[in-house]
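S.K.: Structure file query_10.cif (mmCIF, C-alpha atoms) is given on the next line.
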```
data_work
loop_
_atom_site.group_PDB
_atom_site.id
_atom_site.type_symbol
_atom_site.label_atom_id
_atom_site.label_comp_id
_atom_site.auth_asym_id
_atom_site.auth_seq_id
_atom_site.Cartn_x
_atom_site.Cartn_y
_atom_site.Cartn_z
ATOM 1 C CA MET A 1 0.000 0.000 0.000
ATOM 2 C CA LYS A 2 0.935 3.664 -0.170
ATOM 3 C CA ALA A 3 1.275 5.768 2.974
ATOM 4 C CA ALA A 4 2.649 9.092 4.201
ATOM 5 C CA VAL A 5 5.766 7.967 6.083
ATOM 6 C CA ILE A 6 8.397 9.637 8.239
ATOM 7 C CA HIS A 7 11.821 8.167 8.978
ATOM 8 C CA GLU A 8 12.808 10.583 11.758
ATOM 9 C CA TYR A 9 11.367 13.397 13.874
ATOM 10 C CA GLY A 10 11.422 16.803 12.238
ATOM 11 C CA PRO A 11 9.721 19.260 9.866
ATOM 12 C CA ALA A 12 6.720 18.614 7.625
ATOM 13 C CA GLY A 13 8.946 18.079 4.601
ATOM 14 C CA LEU A 14 10.054 14.742 6.040
ATOM 15 C CA LEU A 15 6.641 13.223 5.251
ATOM 16 C CA ARG A 16 7.137 11.024 2.190
ATOM 17 C CA TYR A 17 4.511 9.309 0.069
ATOM 18 C CA GLU A 18 5.901 5.819 -0.391
ATOM 19 C CA ASP A 19 5.297 2.086 -0.203
ATOM 20 C CA TYR A 20 4.618 0.628 3.243
ATOM 21 C CA PRO A 21 3.680 -2.921 4.356
ATOM 22 C CA ASP A 22 -0.014 -3.781 4.320
ATOM 23 C CA PRO A 23 -1.560 -4.286 7.779
ATOM 24 C CA ILE A 24 -2.747 -7.733 8.885
ATOM 25 C CA ALA A 25 -6.106 -8.470 10.508
ATOM 26 C CA ARG A 26 -4.943 -10.089 13.739
ATOM 27 C CA PRO A 27 -7.430 -11.699 16.152
ATOM 28 C CA GLY A 28 -9.887 -9.052 17.349
ATOM 29 C CA GLU A 29 -8.851 -6.627 14.600
ATOM 30 C CA VAL A 30 -10.095 -5.425 11.243
ATOM 31 C CA VAL A 31 -8.357 -3.893 8.245
ATOM 32 C CA VAL A 32 -10.069 -0.841 6.769
ATOM 33 C CA LYS A 33 -9.645 0.648 3.314
ATOM 34 C CA VAL A 34 -9.171 4.287 4.276
ATOM 35 C CA ALA A 35 -11.594 6.802 2.763
ATOM 36 C CA ALA A 36 -9.917 9.670 4.608
ATOM 37 C CA ALA A 37 -7.663 10.428 7.565
ATOM 38 C CA GLY A 38 -8.118 13.511 9.712
ATOM 39 C CA VAL A 39 -5.196 15.873 10.346
ATOM 40 C CA ASN A 40 -4.996 17.103 13.945
ATOM 41 C CA PRO A 41 -2.592 19.369 15.847
ATOM 42 C CA VAL A 42 -1.393 16.332 17.782
ATOM 43 C CA ASP A 43 -0.093 14.901 14.490
ATOM 44 C CA VAL A 44 2.260 17.867 14.201
ATOM 45 C CA ILE A 45 3.323 17.446 17.821
ATOM 46 C CA GLU A 46 3.973 13.750 17.241
ATOM 47 C CA ARG A 47 5.907 14.392 14.023
ATOM 48 C CA THR A 48 8.236 16.847 15.769
ATOM 49 C CA GLY A 49 8.878 14.557 18.751
ATOM 50 C CA GLY A 50 6.611 16.204 21.287
ATOM 51 C CA THR A 51 4.982 12.900 22.253
ATOM 52 C CA LYS A 52 8.050 10.658 22.195
ATOM 53 C CA ASP A 53 8.341 10.460 25.999
ATOM 54 C CA TRP A 54 4.966 8.718 26.286
ATOM 55 C CA ARG A 55 4.248 7.573 22.722
ATOM 56 C CA PRO A 56 7.529 7.048 20.876
ATOM 57 C CA LEU A 57 7.374 6.296 17.159
ATOM 58 C CA GLN A 58 8.981 3.235 15.632
ATOM 59 C CA PHE A 59 10.560 4.380 12.362
ATOM 60 C CA PRO A 60 9.650 4.244 9.582
ATOM 61 C CA ALA A 61 6.333 5.464 10.998
ATOM 62 C CA VAL A 62 2.879 6.371 9.762
ATOM 63 C CA LEU A 63 1.127 9.228 11.583
ATOM 64 C CA GLY A 64 -2.585 9.882 12.019
ATOM 65 C CA TRP A 65 -5.196 9.521 14.809
ATOM 66 C CA ASP A 66 -8.462 9.603 12.789
ATOM 67 C CA LEU A 67 -9.856 7.570 9.935
ATOM 68 C CA SER A 68 -12.993 6.565 8.108
ATOM 69 C CA GLY A 69 -13.412 3.869 5.515
ATOM 70 C CA THR A 70 -14.699 0.432 4.580
ATOM 71 C CA VAL A 71 -13.884 -2.850 6.323
ATOM 72 C CA VAL A 72 -12.019 -5.151 3.905
ATOM 73 C CA ARG A 73 -10.648 -7.845 6.227
ATOM 74 C CA VAL A 74 -11.879 -9.224 9.554
ATOM 75 C CA GLY A 75 -9.729 -11.036 12.093
ATOM 76 C CA ASP A 76 -10.678 -14.068 14.173
ATOM 77 C CA GLY A 77 -13.143 -13.374 16.958
ATOM 78 C CA VAL A 78 -14.614 -10.197 15.476
ATOM 79 C CA THR A 79 -18.400 -10.257 15.644
ATOM 80 C CA ASN A 80 -19.402 -6.570 15.654
ATOM 81 C CA LEU A 81 -18.148 -5.744 12.149
ATOM 82 C CA ALA A 82 -18.234 -7.353 8.727
ATOM 83 C CA VAL A 83 -16.564 -6.827 5.379
ATOM 84 C CA GLY A 84 -18.233 -3.905 3.630
ATOM 85 C CA ASP A 85 -19.210 -1.971 6.779
ATOM 86 C CA HIS A 86 -18.630 1.783 6.669
ATOM 87 C CA VAL A 87 -16.793 2.785 9.834
ATOM 88 C CA CYS A 88 -14.681 5.414 11.525
ATOM 89 C CA ALA A 89 -12.475 5.456 14.589
ATOM 90 C CA TRP A 90 -9.923 7.177 16.723
ATOM 91 C CA ALA A 91 -7.132 4.799 15.770
ATOM 92 C CA TYR A 92 -3.453 5.193 14.867
ATOM 93 C CA HIS A 93 -1.233 5.069 11.767
ATOM 94 C CA THR A 94 -4.079 6.301 9.577
ATOM 95 C CA TYR A 95 -2.170 8.274 6.884
ATOM 96 C CA ALA A 96 -2.342 5.282 4.562
ATOM 97 C CA GLU A 97 -4.467 3.427 2.045
ATOM 98 C CA LEU A 98 -5.148 0.705 4.611
ATOM 99 C CA CYS A 99 -5.263 0.707 8.412
ATOM 100 C CA GLY A 100 -5.491 -2.169 10.863
ATOM 101 C CA ALA A 101 -6.878 -1.654 14.363
ATOM 102 C CA ARG A 102 -8.945 -3.281 17.114
ATOM 103 C CA ALA A 103 -12.513 -3.828 15.959
ATOM 104 C CA ASP A 104 -13.938 -2.481 19.215
ATOM 105 C CA LEU A 105 -12.541 0.997 18.436
ATOM 106 C CA PHE A 106 -14.776 1.456 15.395
ATOM 107 C CA ALA A 107 -18.231 3.003 15.142
ATOM 108 C CA LYS A 108 -20.425 2.480 12.110
ATOM 109 C CA VAL A 109 -21.008 5.591 10.019
ATOM 110 C CA PRO A 110 -24.758 6.319 9.904
ATOM 111 C CA ASN A 111 -26.749 7.185 6.833
ATOM 112 C CA GLY A 112 -26.583 10.898 6.163
ATOM 113 C CA VAL A 113 -22.915 11.243 7.120
ATOM 114 C CA ASP A 114 -20.502 11.394 4.198
ATOM 115 C CA LEU A 115 -17.936 8.608 4.546
ATOM 116 C CA ILE A 116 -14.979 10.882 3.775
ATOM 117 C CA ASP A 117 -16.212 13.613 6.111
ATOM 118 C CA ALA A 118 -16.616 11.029 8.889
ATOM 119 C CA ALA A 119 -12.827 11.032 9.307
ATOM 120 C CA ALA A 120 -13.080 14.530 10.769
ATOM 121 C CA TYR A 121 -15.020 13.486 13.841
ATOM 122 C CA PRO A 122 -13.470 10.773 16.059
ATOM 123 C CA LEU A 123 -10.645 12.456 17.977
ATOM 124 C CA VAL A 124 -12.096 15.949 18.229
ATOM 125 C CA THR A 125 -15.688 15.029 19.056
ATOM 126 C CA LEU A 126 -14.622 12.533 21.706
ATOM 127 C CA THR A 127 -12.209 15.063 23.206
ATOM 128 C CA GLY A 128 -14.727 17.914 23.330
ATOM 129 C CA SER A 129 -17.636 15.847 24.579
ATOM 130 C CA GLN A 130 -15.580 14.072 27.248
ATOM 131 C CA LEU A 131 -14.139 17.403 28.394
ATOM 132 C CA ILE A 132 -17.687 18.162 29.503
ATOM 133 C CA SER A 133 -19.142 14.757 30.398
ATOM 134 C CA VAL A 134 -16.075 13.493 32.262
ATOM 135 C CA GLY A 135 -13.626 16.323 32.862
ATOM 136 C CA SER A 136 -15.922 19.078 34.078
ATOM 137 C CA GLY A 137 -18.201 17.055 36.349
ATOM 138 C CA ILE A 138 -21.151 18.998 34.946
ATOM 139 C CA LYS A 139 -24.425 19.043 36.856
ATOM 140 C CA LEU A 140 -27.924 19.883 35.644
ATOM 141 C CA GLY A 141 -28.362 23.662 35.577
ATOM 142 C CA ASP A 142 -24.662 24.572 35.571
ATOM 143 C CA THR A 143 -23.479 27.563 33.563
ATOM 144 C CA VAL A 144 -20.658 26.851 31.111
ATOM 145 C CA LEU A 145 -18.191 28.947 29.102
ATOM 146 C CA VAL A 146 -16.415 27.089 26.293
ATOM 147 C CA SER A 147 -13.255 28.748 24.985
ATOM 148 C CA GLY A 148 -12.153 28.148 21.416
ATOM 149 C CA ALA A 149 -15.751 27.220 20.635
ATOM 150 C CA ALA A 150 -15.411 27.704 16.869
ATOM 151 C CA GLY A 151 -12.911 24.839 16.734
ATOM 152 C CA SER A 152 -13.942 21.205 16.431
ATOM 153 C CA VAL A 153 -13.183 20.325 20.071
ATOM 154 C CA GLY A 154 -14.960 23.465 21.248
ATOM 155 C CA ARG A 155 -18.063 22.824 19.129
ATOM 156 C CA SER A 156 -18.278 19.318 20.533
ATOM 157 C CA ALA A 157 -18.011 20.679 24.086
ATOM 158 C CA VAL A 158 -20.815 23.177 23.418
ATOM 159 C CA TYR A 159 -23.015 20.377 22.086
ATOM 160 C CA MET A 160 -22.382 18.120 25.077
ATOM 161 C CA ALA A 161 -22.883 20.879 27.671
ATOM 162 C CA LYS A 162 -26.311 21.634 26.215
ATOM 163 C CA LYS A 163 -27.192 17.946 25.954
ATOM 164 C CA LEU A 164 -26.329 17.356 29.614
ATOM 165 C CA GLY A 165 -28.573 20.164 30.818
ATOM 166 C CA ALA A 166 -26.446 23.262 31.293
ATOM 167 C CA SER A 167 -28.718 26.224 31.925
ATOM 168 C CA LYS A 168 -26.486 28.512 29.889
ATOM 169 C CA VAL A 169 -23.692 27.713 27.455
ATOM 170 C CA VAL A 170 -21.605 30.615 26.197
ATOM 171 C CA ALA A 171 -19.443 29.958 23.136
ATOM 172 C CA GLY A 172 -16.192 31.891 23.403
ATOM 173 C CA VAL A 173 -14.648 32.702 20.009
ATOM 174 C CA ARG A 174 -12.487 35.307 18.291
ATOM 175 C CA ARG A 175 -14.112 38.402 16.817
ATOM 176 C CA HIS A 176 -13.699 37.214 13.250
ATOM 177 C CA GLN A 177 -15.560 34.000 14.161
ATOM 178 C CA LEU A 178 -18.727 35.654 15.447
ATOM 179 C CA SER A 179 -20.428 35.030 12.097
ATOM 180 C CA GLN A 180 -20.251 31.274 12.878
ATOM 181 C CA ALA A 181 -22.446 31.615 15.966
ATOM 182 C CA ASP A 182 -25.476 29.831 14.509
ATOM 183 C CA SER A 183 -23.484 26.757 13.530
ATOM 184 C CA ILE A 184 -21.702 26.569 16.906
ATOM 185 C CA GLY A 185 -24.993 26.387 18.765
ATOM 186 C CA GLY A 186 -24.332 28.061 22.116
ATOM 187 C CA HIS A 187 -27.037 29.993 23.947
ATOM 188 C CA GLU A 188 -24.793 33.021 23.462
ATOM 189 C CA THR A 189 -21.584 33.711 21.540
ATOM 190 C CA VAL A 190 -18.943 36.141 22.806
ATOM 191 C CA ALA A 191 -15.644 37.340 21.312
ATOM 192 C CA LEU A 192 -13.063 36.596 23.999
ATOM 193 C CA ASP A 193 -10.520 38.850 22.264
ATOM 194 C CA ASP A 194 -12.894 41.824 22.632
ATOM 195 C CA ASP A 195 -11.802 43.389 25.922
ATOM 196 C CA LYS A 196 -15.147 45.045 26.616
ATOM 197 C CA ALA A 197 -17.145 41.919 25.848
ATOM 198 C CA PHE A 198 -14.776 39.811 27.964
ATOM 199 C CA ALA A 199 -15.055 42.191 30.914
ATOM 200 C CA LYS A 200 -18.863 41.970 30.837
ATOM 201 C CA LEU A 201 -18.871 38.188 31.124
ATOM 202 C CA PRO A 202 -20.067 36.882 34.511
ATOM 203 C CA GLN A 203 -18.384 34.056 36.348
ATOM 204 C CA PHE A 204 -19.397 30.526 35.423
ATOM 205 C CA ASP A 205 -19.741 27.218 37.195
ATOM 206 C CA ILE A 206 -17.515 25.666 34.523
ATOM 207 C CA VAL A 207 -14.987 26.963 32.033
ATOM 208 C CA ALA A 208 -14.250 24.287 29.421
ATOM 209 C CA ASN A 209 -10.936 25.390 27.982
ATOM 210 C CA THR A 210 -9.330 24.535 24.635
ATOM 211 C CA VAL A 211 -6.861 27.450 24.329
ATOM 212 C CA ARG A 212 -3.350 28.051 25.660
ATOM 213 C CA GLY A 213 -1.114 30.714 27.141
ATOM 214 C CA LYS A 214 -2.322 34.140 28.240
ATOM 215 C CA ALA A 215 -5.859 33.502 27.018
ATOM 216 C CA ALA A 216 -6.194 30.433 29.241
ATOM 217 C CA ALA A 217 -4.790 32.298 32.247
ATOM 218 C CA MET A 218 -7.284 35.135 31.805
ATOM 219 C CA LEU A 219 -10.176 32.680 31.703
ATOM 220 C CA MET A 220 -9.400 31.527 35.236
ATOM 221 C CA GLY A 221 -10.958 34.785 36.380
ATOM 222 C CA LYS A 222 -14.271 33.745 34.834
ATOM 223 C CA VAL A 223 -14.732 30.722 37.102
ATOM 224 C CA ARG A 224 -16.745 31.235 40.283
ATOM 225 C CA SER A 225 -15.289 30.261 43.662
ATOM 226 C CA GLY A 226 -15.756 26.512 43.965
ATOM 227 C CA GLY A 227 -16.182 26.131 40.221
ATOM 228 C CA VAL A 228 -14.255 24.038 37.709
ATOM 229 C CA PHE A 229 -11.683 24.939 35.067
ATOM 230 C CA ALA A 230 -11.480 21.846 32.842
ATOM 231 C CA SER A 231 -8.806 22.047 30.167
ATOM 232 C CA VAL A 232 -7.523 19.924 27.290
ATOM 233 C CA THR A 233 -4.369 22.069 27.082
ATOM 234 C CA GLY A 234 -3.139 21.478 30.627
ATOM 235 C CA PRO A 235 -3.340 23.809 33.627
ATOM 236 C CA PRO A 236 -2.798 27.539 33.042
ATOM 237 C CA VAL A 237 0.255 29.276 34.482
ATOM 238 C CA ASN A 238 -1.701 31.136 37.179
ATOM 239 C CA VAL A 239 -3.275 28.155 38.933
ATOM 240 C CA LYS A 240 -1.764 29.158 42.286
ATOM 241 C CA ASP A 241 -3.541 32.510 42.115
ATOM 242 C CA HIS A 242 -6.943 30.797 42.191
ATOM 243 C CA PRO A 243 -6.926 28.283 45.071
ATOM 244 C CA SER A 244 -10.737 28.114 45.252
ATOM 245 C CA ILE A 245 -11.042 26.742 41.681
ATOM 246 C CA ALA A 246 -10.778 23.060 40.812
ATOM 247 C CA VAL A 247 -8.414 22.849 37.830
ATOM 248 C CA LYS A 248 -8.706 19.616 35.876
ATOM 249 C CA ALA A 249 -6.222 18.884 33.100
ATOM 250 C CA PHE A 250 -8.203 16.453 31.012
ATOM 251 C CA VAL A 251 -7.044 13.757 28.567
ATOM 252 C CA SER A 252 -9.690 12.062 26.421
ATOM 253 C CA LYS A 253 -9.854 8.372 25.538
ATOM 254 C CA GLN A 254 -11.142 6.140 22.761
ATOM 255 C CA ASP A 255 -14.808 5.161 23.112
ATOM 256 C CA ALA A 256 -16.605 3.618 20.144
ATOM 257 C CA ALA A 257 -20.043 3.700 21.784
ATOM 258 C CA GLN A 258 -19.800 7.402 22.524
ATOM 259 C CA LEU A 259 -18.418 8.044 19.042
ATOM 260 C CA GLY A 260 -21.466 6.314 17.584
ATOM 261 C CA SER A 261 -23.752 8.609 19.571
ATOM 262 C CA LEU A 262 -21.843 11.667 18.389
ATOM 263 C CA LEU A 263 -22.078 10.515 14.773
ATOM 264 C CA ASP A 264 -25.835 10.241 15.202
ATOM 265 C CA ALA A 265 -25.825 13.874 16.353
ATOM 266 C CA VAL A 266 -23.856 14.798 13.242
ATOM 267 C CA SER A 267 -26.353 12.960 11.033
ATOM 268 C CA THR A 268 -29.273 14.953 12.474
ATOM 269 C CA GLY A 269 -27.443 18.293 12.334
ATOM 270 C CA ALA A 270 -27.349 18.668 16.120
ATOM 271 C CA LEU A 271 -23.530 18.725 15.982
ATOM 272 C CA ARG A 272 -21.770 20.529 13.154
ATOM 273 C CA LEU A 273 -18.029 20.819 12.566
ATOM 274 C CA SER A 274 -16.124 22.963 10.095
ATOM 275 C CA ILE A 275 -14.339 20.841 7.481
ATOM 276 C CA ASP A 276 -12.074 23.159 5.530
ATOM 277 C CA ARG A 277 -10.629 21.027 2.744
ATOM 278 C CA ARG A 278 -9.701 17.624 1.386
ATOM 279 C CA VAL A 279 -6.059 17.118 0.447
ATOM 280 C CA PRO A 280 -4.556 14.133 -1.418
ATOM 281 C CA LEU A 281 -2.632 11.800 0.882
ATOM 282 C CA ARG A 282 0.487 12.292 -1.245
ATOM 283 C CA GLU A 283 0.400 15.962 -0.134
ATOM 284 C CA ALA A 284 0.441 15.235 3.611
ATOM 285 C CA ALA A 285 3.488 17.471 4.074
ATOM 286 C CA SER A 286 1.646 20.510 2.726
ATOM 287 C CA ALA A 287 -1.377 19.659 4.911
ATOM 288 C CA HIS A 288 0.883 19.723 7.983
ATOM 289 C CA GLU A 289 2.267 23.084 6.921
ATOM 290 C CA MET A 290 -1.288 24.439 6.687
ATOM 291 C CA VAL A 291 -2.086 23.196 10.195
ATOM 292 C CA GLU A 292 1.081 24.792 11.568
ATOM 293 C CA LYS A 293 0.137 28.170 10.052
ATOM 294 C CA GLY A 294 -3.357 27.902 11.570
ATOM 295 C CA GLY A 295 -6.460 29.856 10.735
ATOM 296 C CA ILE A 296 -8.267 27.064 8.874
ATOM 297 C CA GLY A 297 -10.754 24.332 9.727
ATOM 298 C CA LYS A 298 -10.318 20.581 9.666
ATOM 299 C CA ILE A 299 -8.172 19.062 6.896
ATOM 300 C CA LEU A 300 -8.788 15.549 5.587
ATOM 301 C CA LEU A 301 -6.203 13.442 3.742
ATOM 302 C CA VAL A 302 -7.747 11.362 0.976
ATOM 303 C CA PRO A 303 -5.811 8.388 -0.462
#
```
What would you get if you wrote out this structure as structure tokens?
M.R.:
Amino acid sequence: MKAAVIHEYGPAGLLRYEDYPDPIARPGEVVVKVAAAGVNPVDVIERTGGTKDWRPLQFPAVLGWDLSGTVVRVGDGVTNLAVGDHVCAWAYHTYAELCGARADLFAKVPNGVDLIDAAAYPLVTLTGSQLISVGSGIKLGDTVLVSGAAGSVGRSAVYMAKKLGASKVVAGVRRHQLSQADSIGGHETVALDDDKAFAKLPQFDIVANTVRGKAAAMLMGKVRSGGVFASVTGPPVNVKDHPSIAVKAFVSKQDAAQLGSLLDAVSTGALRLSIDRRVPLREAASAHEMVEKGGIGKILLVP
């Protein structure tokens, strides 16, 4: 098969489109013909060595944490999937024409969801929804501010906060993203980089954070005493200045059942993400360069 392969840690230009061994359907696994692989910021971090202390790559390596496609081989003991099923998953080594992974990681793609577009959803929707359902400890009637709400993780957090009964969900975005308010779906949308608008914000029971640096530190001031600052980017630098706030650095996990529920929400339009463009797999290096520059929505690699 063909894949986007790296032979060492380093810049995007090291991604090469080349031959790579086909995966095998081991017991409990399936092999999927990849329709698309999602490109995520963590892919860039992994490529440059930022994850090597806890997830080292074995070179030559194939990156990628998202995929959608069609099951083409089924290993012994697999009963939940069959050849021909349309599926997607948070799996690994997905920048390829074929991907092998545990069958229990995959959710079936429902009618109404484009198979290629389905690759955009696994990692980000699970991360955003679990930030709320697990990380924040949300209770019925809580008020929630989601930072970075125009992004895929943020949109998923907004959706889950509303689903779990928050009395008010404010979507925090940048000024140039205010036009996306309807598709984000919060009860209210506020530009967090507008000083006057930020100052007028009340304190919340929960701040669900997806941003870094100074912006994250400033958001600590928008959590009420006894409230929760749940973050997918780690704790902000000023944690010690807010001893009455519970700061929870959250890490999401694979969950096929929850992914299936989120895909159902996508199929009904209850959850909408921004997919910016489809890029040929052979151009994975340029896709990584786009992600590093920022300012665009989700990119999908298509074999």
S.K.: Separation of CA of Ala12 (chain A) and CA of His93 (chain A), in Å?
M.R.: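 Separating CA of Ala12 (chain A) from CA of His93 (chain A) is a distance of 16.2 Å.
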S.K.: Can you spell out as a compact mmCIF listing (two decimals) with C-alpha atoms, in the frame of the given file the set of residues that the PyMOL selection byres ((chain A and resi 32) around 6) selects in the structure I just provided?
M.R.:
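Now in part14.txt:
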```
# COMPACT_ATOMS: atom_id res chain seq x y z
CA VAL A 31 -8.36 -3.89 8.24
CA LYS A 33 -9.64 0.65 3.31
CA VAL A 34 -9.17 4.29 4.28
CA GLY A 69 -13.41 3.87 5.52
CA THR A 70 -14.70 0.43 4.58
CA VAL A 71 -13.88 -2.85 6.32
CA VAL A 72 -12.02 -5.15 3.90
CA LEU A 98 -5.15 0.70 4.61
CA CYS A 99 -5.26 0.71 8.41
```
S.K.: Considering all atoms listed in the file, return as a list in words whatever protein or nucleic-acid residues lie within 6 Å of region 219-226 of chain A, sequence-local ones (same chain, fewer than 5 positions apart) excluded.
M.R.: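 Non-adjacent residues within range: Gln203, Phe204, Asp205, Ser244 and Ile245 of chain A.
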S.K.: Find the residue from A:Val158, A:Ala270, A:Val228, A:Leu63 that sits nearest to Lys139 (chain A); use only C-alpha atoms when measuring.
M.R.: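 Comparing A:Val158, A:Ala270, A:Val228, A:Leu63 against Lys139 (chain A), the winner is A:Val228.
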S.K.: Kindly extract all protein, DNA and RNA residues lying within 10 Å of the coordinates (-16.0, 15.4, 28.0) given in the file, considering only C-alpha atoms, and supply them as a PDB file with C-alpha atoms, keeping the file's coordinate frame.
M.R.:
```
ATOM      1  CA  THR A 125     -15.688  15.029  19.056  1.00  0.00           C
ATOM      2  CA  LEU A 126     -14.622  12.533  21.706  1.00  0.00           C
ATOM      3  CA  THR A 127     -12.209  15.063  23.206  1.00  0.00           C
ATOM      4  CA  GLY A 128     -14.727  17.914  23.330  1.00  0.00           C
ATOM      5  CA  SER A 129     -17.636  15.847  24.579  1.00  0.00           C
ATOM      6  CA  GLN A 130     -15.580  14.072  27.248  1.00  0.00           C
ATOM      7  CA  LEU A 131     -14.139  17.403  28.394  1.00  0.00           C
ATOM      8  CA  ILE A 132     -17.687  18.162  29.503  1.00  0.00           C
ATOM      9  CA  SER A 133     -19.142  14.757  30.398  1.00  0.00           C
ATOM     10  CA  VAL A 134     -16.075  13.493  32.262  1.00  0.00           C
ATOM     11  CA  GLY A 135     -13.626  16.323  32.862  1.00  0.00           C
ATOM     12  CA  SER A 136     -15.922  19.078  34.078  1.00  0.00           C
ATOM     13  CA  GLY A 137     -18.201  17.055  36.349  1.00  0.00           C
ATOM     14  CA  ILE A 138     -21.151  18.998  34.946  1.00  0.00           C
ATOM     15  CA  VAL A 153     -13.183  20.325  20.071  1.00  0.00           C
ATOM     16  CA  SER A 156     -18.278  19.318  20.533  1.00  0.00           C
ATOM     17  CA  ALA A 157     -18.011  20.679  24.086  1.00  0.00           C
ATOM     18  CA  MET A 160     -22.382  18.120  25.077  1.00  0.00           C
ATOM     19  CA  ALA A 161     -22.883  20.879  27.671  1.00  0.00           C
ATOM     20  CA  ALA A 208     -14.250  24.287  29.421  1.00  0.00           C
ATOM     21  CA  ALA A 230     -11.480  21.846  32.842  1.00  0.00           C
ATOM     22  CA  VAL A 232      -7.523  19.924  27.290  1.00  0.00           C
ATOM     23  CA  PHE A 250      -8.203  16.453  31.012  1.00  0.00           C
ATOM     24  CA  VAL A 251      -7.044  13.757  28.567  1.00  0.00           C
ATOM     25  CA  SER A 252      -9.690  12.062  26.421  1.00  0.00           C
ATOM     26  CA  LYS A 253      -9.854   8.372  25.538  1.00  0.00           C
TER      27      LYS A 253
END
```
S.K.: Using all atoms listed in the file, which of A:Pro41, A:Gly75, A:Gly172, A:Pro23 sits nearest Ala197 (chain A)?
M.R.: A:Gly172
S.K.: Enclose all atoms of region 175-181 of chain A listed in the file in an axis-aligned box, grow every side by 6 Å, and hand back centre and edge lengths in Å to one decimal, as AutoDock Vina command-line options.
M.R.:
```
--center_x -18.1 --center_y 34.8 --center_z 14.5 --size_x 20.7 --size_y 19.1 --size_z 16.7
```
S.K.: Quick one: contact table of region 12-115 of chain A to region 293-301 of chain A, 8 Å max, nearest atom pair and distance in Å to one decimal per residue, counting only C-alpha atoms, chain and number order, as JSON lines?
M.R.:
```
{"residue": "A:Ala36", "atom": "CA", "partner": "A:Leu301", "partner_atom": "CA", "distance": 5.4}
{"residue": "A:Ala37", "atom": "CA", "partner": "A:Leu301", "partner_atom": "CA", "distance": 5.1}
{"residue": "A:Gly38", "atom": "CA", "partner": "A:Leu300", "partner_atom": "CA", "distance": 4.6}
{"residue": "A:Val39", "atom": "CA", "partner": "A:Ile299", "partner_atom": "CA", "distance": 5.6}
{"residue": "A:Asn40", "atom": "CA", "partner": "A:Lys298", "partner_atom": "CA", "distance": 7.7}
{"residue": "A:Tyr95", "atom": "CA", "partner": "A:Leu301", "partner_atom": "CA", "distance": 7.3}
```
S.K.: With distances taken over all atoms listed in the file, which of A:Gly50, A:Gly185, A:Gly213, A:Pro303 is nearest to Val237 (chain A)?
M.R.: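 Under the stated criterion, the closest residue is A:Gly213.
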S.K.: What does the distance from CA of Gly64 (chain A) to CA of Lys248 (chain A) come to in Å, to one decimal?
M.R.: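 Atom-to-atom, CA of Gly64 (chain A) and CA of Lys248 (chain A) are spaced 26.5 Å apart.
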S.K.: CA of Ala215 (chain A) and CA of Ile275 (chain A) are how many Å apart?
M.R.: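 Separation between CA of Ala215 (chain A) and CA of Ile275 (chain A): 24.8 Å.
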S.K.: Can you spell out as number ranges by chain the set of residues that the PyMOL selection byres ((chain A and resi 104-121) around 6) selects in the structure I just provided?
M.R.: A: 35-38, 66-68, 86-89, 102-103, 122, 124-125, 256, 260, 267
S.K.: I'd like to know which of A:Val207, A:Trp90, A:Ala61, A:Lys162 is closest to Gln254 (chain A), using only C-alpha atoms.
M.R.: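 Looking at the shortest contact to Gln254 (chain A), the residue is A:Trp90.
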